[in-house]
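Student: What follows is a structure written as structure tokens; I'll ask about it next.
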Amino acid sequence: MIIPFYLFKRFLLGLFVSIVVLVSIETFFSFTAEIKYLDQGRYDLTTILKYIILNIPKSIDIMYPYAVLIGAMLSLGAMASDMEFVSMQSAGISVTKIISIIIIQVFLFSCVFYYVADSVIPKYSSKAERKKNIALNKKIIFHNNGIWFKDKSTFIKIDEIYSDSNLQGITMYDYDKNDKLISVKYIKKAYADNNKWSLKNVTEIFLDSYPVIKKHHAEQTLNNFIDKNLISIKTQKYHSISLRNVEKNIRYLEKNKLDSSIQKKIFWEKIFKPISTVIMLFLAMPFIFGKLRSTNASKRIVIGVFIGISFFIISSILPNIGMLIGLTPFINVLLPHLVFAIVGKYLYEYQLEAGLR
């Protein structure tokens with residue numbers, strides 16, 4: 001019990017130091033990136049600082065895997081240099097057992113971390129983006145041909161989206177059960193306040209009557225207009241959406257017979273996060289104990305960190321490639337983990353074949 005506790009304490013110390021350094025660097029670069037927008041619209045220094053502070057939880061989440069890798073490698077490297085692992089082996093604790101203890105501890109800690117992060121980060125990240133967009137009067141999405149949505153039997157085109165409560169240039173095409181176009185509605189602007197929508201400059205054309213009827217309203221107030229779930233699916237960024245909301249989005253898309261593959265990919269990526277962190281560390285750990293232990297400690301740590309980060313980058317890219325060739329989201333996310341787990345096992349066996357097991 002003493003050895004696992006000691007290893008966990010050393011891991012936490014390395015993690016804390018690494019995450020403080022990495023998040024500080026990330027925060028500094030974020031601040032310098034936001035400075036260029038200073039005094040544009042209402043985006044003053046106070047708003048920038050609020051934006052940066054609200055995004056600190058997101059920065060911690062982004063940097064956590066790298067902090068785990070670097071922190072663990074530095075801690076373990078220091079222990080290896082001080083011959084602490086040799087002492088543990090003399091006491092009958094094998095390298096395999098040491099690695100197993102560390103991997104299990106990191107996995108359990110990562111599960112707790114990502115659960116808490118999934119509950120906290122979307123709230124603050126969304127709030128930060130909303131404050132920035134309002135201050136800059138910035139469009140979240142803008143395309144020359146508009147963004148298209150489907151809600152039951154209605155097709156919707158929105159030219160400009162500032163938030164899920166601020167839309168401009170909306171065209172709605174309503175179809176009947178026989179897929180016949182029955183009406184077209186043009187709305188210049190739409191604002192939502194709680195559950196009520198305020199529409200400006202509304203023109204309706206009813207095609208199911210003869211002659212065709214055209215109506216114009218300077219202003220309309222509706223309880224039900226465009227489902228905000230639709231807009232959120234298009235506008236929410238990865239760190240601004242919780243696992244629970246991803247599940248809701250998948251159900252919503254499938255109910256409306258829309259493609260849910262991107263949301264499913266996000267779902268599985270979030271589920272696999274603790275496993276990704278463990279595999280990254282597992283790929284790097286053999287360099288602390290194995291054949292290279294007689295070489296410079298810094299060199300071993302750099303090699304291990306490089307391999308671990310390479311896995312993280314590649315595992316982020318491959319699922320997108322899999323989407324293009326038509327693989328299911330679960331397989332897209334699973335395959336890189338399987339491949340690198342096998343590579344990690346090979347590295348483990350190769351590096352530790354000098355009788356350390």
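The way I read the labels, and the way they are meant: chains A, B, ... in the order of the structure tokens, residue 1 as the first residue of every chain, and ligand 1 as the first ligand shown, with later ones counted on from there.
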Find the spatial neighbours of Met73 (chain A), counting only C-alpha atoms, within a cut-off of 12 Å - ignore same-chain residues fewer than 2 positions away - and output them as a PyMOL selection string.

Tutor: chain A and resi 10-15+18+66-71+75-81+99+102+280-289+297-308

Student: Given the selection you just returned, output its residues as a file containing N, CA and C atoms, formatted as a tab-separated table (two decimals), in the first residue's frame.

Tutor:
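This is the output file selection27.tsv:
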chain	number	residue	atom	x	y	z
A	10	ARG	N	4.04	11.05	-6.26
A	10	ARG	CA	5.04	11.57	-7.20
A	10	ARG	C	4.40	11.94	-8.53
A	11	PHE	N	3.43	11.12	-8.96
A	11	PHE	CA	2.71	11.42	-10.21
A	11	PHE	C	1.94	12.74	-10.09
A	12	LEU	N	1.22	12.93	-8.99
A	12	LEU	CA	0.44	14.16	-8.79
A	12	LEU	C	1.33	15.39	-8.75
A	13	LEU	N	2.50	15.26	-8.13
A	13	LEU	CA	3.43	16.39	-8.07
A	13	LEU	C	3.89	16.78	-9.47
A	14	GLY	N	4.28	15.78	-10.26
A	14	GLY	CA	4.72	16.04	-11.63
A	14	GLY	C	3.59	16.61	-12.48
A	15	LEU	N	2.37	16.08	-12.29
A	15	LEU	CA	1.21	16.56	-13.04
A	15	LEU	C	0.92	18.01	-12.70
A	18	SER	N	3.55	20.37	-14.24
A	18	SER	CA	3.41	20.41	-15.70
A	18	SER	C	2.18	21.18	-16.13
A	66	TYR	N	-1.10	16.11	-22.09
A	66	TYR	CA	0.32	16.43	-22.21
A	66	TYR	C	0.96	16.60	-20.83
A	67	ALA	N	0.19	17.19	-19.90
A	67	ALA	CA	0.71	17.35	-18.54
A	67	ALA	C	0.90	16.00	-17.87
A	68	VAL	N	-0.02	15.07	-18.10
A	68	VAL	CA	0.12	13.71	-17.56
A	68	VAL	C	1.39	13.07	-18.10
A	69	LEU	N	1.57	13.18	-19.41
A	69	LEU	CA	2.73	12.56	-20.05
A	69	LEU	C	4.04	13.18	-19.55
A	70	ILE	N	4.14	14.49	-19.64
A	70	ILE	CA	5.39	15.17	-19.26
A	70	ILE	C	5.63	15.05	-17.76
A	71	GLY	N	4.57	15.27	-16.96
A	71	GLY	CA	4.72	15.18	-15.51
A	71	GLY	C	5.14	13.79	-15.06
A	75	SER	N	8.73	12.81	-13.35
A	75	SER	CA	8.72	12.19	-12.02
A	75	SER	C	9.39	10.82	-12.05
A	76	LEU	N	8.98	10.01	-13.03
A	76	LEU	CA	9.55	8.67	-13.14
A	76	LEU	C	11.02	8.73	-13.50
A	77	GLY	N	11.37	9.71	-14.38
A	77	GLY	CA	12.78	9.87	-14.75
A	77	GLY	C	13.64	10.22	-13.54
A	78	ALA	N	13.12	11.09	-12.69
A	78	ALA	CA	13.85	11.47	-11.47
A	78	ALA	C	14.00	10.26	-10.55
A	79	MET	N	12.94	9.47	-10.44
A	79	MET	CA	13.00	8.27	-9.59
A	79	MET	C	13.99	7.26	-10.14
A	80	ALA	N	14.00	7.12	-11.47
A	80	ALA	CA	14.95	6.19	-12.09
A	80	ALA	C	16.39	6.64	-11.87
A	81	SER	N	16.63	7.96	-11.99
A	81	SER	CA	17.98	8.51	-11.80
A	81	SER	C	18.45	8.33	-10.36
A	99	ILE	N	4.74	-0.43	-13.46
A	99	ILE	CA	4.04	0.16	-14.60
A	99	ILE	C	2.53	-0.05	-14.47
A	102	ILE	N	1.04	2.36	-11.94
A	102	ILE	CA	0.96	3.73	-12.45
A	102	ILE	C	-0.16	3.86	-13.49
A	280	MET	N	-1.13	6.92	-24.27
A	280	MET	CA	-0.04	7.87	-24.50
A	280	MET	C	1.09	7.65	-23.49
A	281	LEU	N	0.71	7.49	-22.24
A	281	LEU	CA	1.71	7.28	-21.18
A	281	LEU	C	2.37	5.91	-21.32
A	282	PHE	N	1.58	4.88	-21.66
A	282	PHE	CA	2.08	3.52	-21.81
A	282	PHE	C	3.14	3.45	-22.92
A	283	LEU	N	2.94	4.24	-23.99
A	283	LEU	CA	3.90	4.26	-25.08
A	283	LEU	C	5.24	4.84	-24.65
A	284	ALA	N	5.19	5.77	-23.70
A	284	ALA	CA	6.41	6.48	-23.30
A	284	ALA	C	7.15	5.80	-22.15
A	285	MET	N	6.43	5.11	-21.28
A	285	MET	CA	7.03	4.59	-20.05
A	285	MET	C	8.18	3.60	-20.24
A	286	PRO	N	8.16	2.72	-21.24
A	286	PRO	CA	9.28	1.78	-21.38
A	286	PRO	C	10.64	2.45	-21.51
A	287	PHE	N	10.67	3.71	-21.98
A	287	PHE	CA	11.96	4.39	-22.15
A	287	PHE	C	12.57	4.80	-20.81
A	288	ILE	N	11.76	4.80	-19.76
A	288	ILE	CA	12.29	5.09	-18.43
A	288	ILE	C	13.02	3.87	-17.87
A	289	PHE	N	12.51	2.66	-18.20
A	289	PHE	CA	13.00	1.45	-17.55
A	289	PHE	C	13.88	0.57	-18.43
A	297	ALA	N	19.38	10.60	-19.26
A	297	ALA	CA	17.98	10.58	-18.82
A	297	ALA	C	17.13	11.55	-19.62
A	298	SER	N	17.67	12.72	-19.92
A	298	SER	CA	16.91	13.72	-20.68
A	298	SER	C	16.56	13.18	-22.06
A	299	LYS	N	17.50	12.48	-22.68
A	299	LYS	CA	17.27	11.91	-24.01
A	299	LYS	C	16.14	10.89	-23.95
A	300	ARG	N	16.15	10.05	-22.93
A	300	ARG	CA	15.10	9.04	-22.79
A	300	ARG	C	13.74	9.68	-22.61
A	301	ILE	N	13.68	10.72	-21.78
A	301	ILE	CA	12.41	11.39	-21.52
A	301	ILE	C	11.89	12.06	-22.78
A	302	VAL	N	12.79	12.72	-23.53
A	302	VAL	CA	12.37	13.40	-24.77
A	302	VAL	C	11.83	12.40	-25.77
A	303	ILE	N	12.50	11.25	-25.92
A	303	ILE	CA	12.03	10.21	-26.85
A	303	ILE	C	10.65	9.72	-26.44
A	304	GLY	N	10.49	9.45	-25.14
A	304	GLY	CA	9.19	8.97	-24.66
A	304	GLY	C	8.09	9.99	-24.86
A	305	VAL	N	8.36	11.25	-24.54
A	305	VAL	CA	7.36	12.32	-24.72
A	305	VAL	C	7.01	12.47	-26.19
A	306	PHE	N	8.02	12.43	-27.06
A	306	PHE	CA	7.78	12.56	-28.50
A	306	PHE	C	6.86	11.46	-29.01
A	307	ILE	N	7.10	10.22	-28.61
A	307	ILE	CA	6.26	9.10	-29.05
A	307	ILE	C	4.84	9.25	-28.52
A	308	GLY	N	4.72	9.64	-27.24
A	308	GLY	CA	3.40	9.82	-26.65
A	308	GLY	C	2.59	10.89	-27.34

Student: Would you kindly return, as a PyMOL selection string, each protein, DNA or RNA residue with an atom no farther than 6 Å from any atom of region 233-243 of chain A, considering only C-alpha atoms and excluding same-chain residues fewer than 4 positions away?

Tutor: chain A and resi 118+122+125-126

Student: Could you turn the residues from that selection into a file that holds N, CA and C atoms, as a PDB file, in the first residue's frame?

Tutor:
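Written output follows (part_3.pdb):
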ATOM      1  N   ASP A 118     -16.126  17.501 -17.959  1.00  0.00           N
ATOM      2  CA  ASP A 118     -17.306  17.474 -18.841  1.00  0.00           C
ATOM      3  C   ASP A 118     -18.492  18.202 -18.214  1.00  0.00           C
ATOM      4  N   PRO A 122     -18.050  22.951 -20.499  1.00  0.00           N
ATOM      5  CA  PRO A 122     -19.027  23.494 -21.462  1.00  0.00           C
ATOM      6  C   PRO A 122     -19.715  24.764 -20.986  1.00  0.00           C
ATOM      7  N   SER A 125     -16.946  27.634 -21.081  1.00  0.00           N
ATOM      8  CA  SER A 125     -16.473  27.853 -22.440  1.00  0.00           C
ATOM      9  C   SER A 125     -17.549  28.529 -23.291  1.00  0.00           C
ATOM     10  N   SER A 126     -18.788  28.068 -23.154  1.00  0.00           N
ATOM     11  CA  SER A 126     -19.900  28.681 -23.897  1.00  0.00           C
ATOM     12  C   SER A 126     -20.112  30.130 -23.473  1.00  0.00           C
TER      13      SER A 126
END

Student: Please report, as a PyMOL selection string, each residue of region 156-296 of chain A to which DSSP assigns strand (DSSP E or B) when run on this structure's backbone.

Tutor: chain A and resi 156-163+166-175+181-193+196-206+213-222

Student: For the atom pair CA of Val106 (chain A) and CA of Leu335 (chain A), what is the interatomic distance in Å to one decimal place?

Tutor: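 Here the two named atoms are 21.7 Å from each other.
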
Student: Could you state the separation of CA of Leu327 (chain A) and CA of Lys265 (chain A) in Å, given to one decimal place?

Tutor: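 Calculated distance between CA of Leu327 (chain A) and CA of Lys265 (chain A) is 10.6 Å.
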
Student: Pick out each residue of region 21-115 of chain A that DSSP on the backbone tags as alpha helix (DSSP H); I need them as a VMD selection string.

Tutor: chain A and resid 21 to 35 45 to 54 56 to 81 84 to 90 95 to 115

Student: Do you have the CA of Tyr64 (chain A)-CA of Ile321 (chain A) distance handy?

Tutor: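 Distance between the two atoms: 24.8 Å.
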
Student: Given only C-alpha atoms as the basis, pick out the residue of A:Ser276, A:Asn166, A:Asn178, A:Asn223 nearest to Ser310 (chain A).

Tutor: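 Under the stated criterion, the closest residue is A:Ser276.
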
Student: When you look at region 21-37 of chain A with a cut-off of 12 Å (counting only C-alpha atoms), what residues show up, excluding the ones that are within fewer than 4 positions of it in the same chain? I need them as a ChimeraX atom specification.

Tutor: /A:14-17,41-71,132-133,135-138

Student: Need to verify the contact set: Ile331 (chain A), 10 Å, only C-alpha atoms, exclusion of same-chain residues closer than 3 positions in sequence. Can you return it as a list in words?

Tutor: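 Those residues are Lys265, Trp268, Pro319, Gly322, Met323, Leu327, Thr328, Leu334, Leu335, Pro336 and His337 of chain A.
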
Student: Could the residues in this selection be saved with C-alpha atoms as a PDB file, in the first residue's frame?

Tutor:
ATOM      1  CA  LYS A 265     -17.563  10.651 -33.386  1.00  0.00           C
ATOM      2  CA  TRP A 268     -16.789   8.224 -28.725  1.00  0.00           C
ATOM      3  CA  PRO A 319     -10.970   9.420 -37.069  1.00  0.00           C
ATOM      4  CA  GLY A 322     -12.070   7.321 -41.352  1.00  0.00           C
ATOM      5  CA  MET A 323     -15.171   9.522 -41.673  1.00  0.00           C
ATOM      6  CA  LEU A 327     -16.080   3.875 -41.416  1.00  0.00           C
ATOM      7  CA  THR A 328     -18.463   3.981 -38.471  1.00  0.00           C
ATOM      8  CA  LEU A 334     -11.272   2.547 -31.691  1.00  0.00           C
ATOM      9  CA  LEU A 335      -8.756   1.646 -34.434  1.00  0.00           C
ATOM     10  CA  PRO A 336      -5.991   4.160 -33.524  1.00  0.00           C
ATOM     11  CA  HIS A 337      -6.214   3.080 -29.892  1.00  0.00           C
TER      12      HIS A 337
END

Student: Nearest to Ile2 (chain A) among A:Ile101, A:Ile213, A:Leu347, A:Val86, with distances taken over only C-alpha atoms: which residue is it?

Tutor: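 Closest to Ile2 (chain A) of all the choices is A:Ile101.
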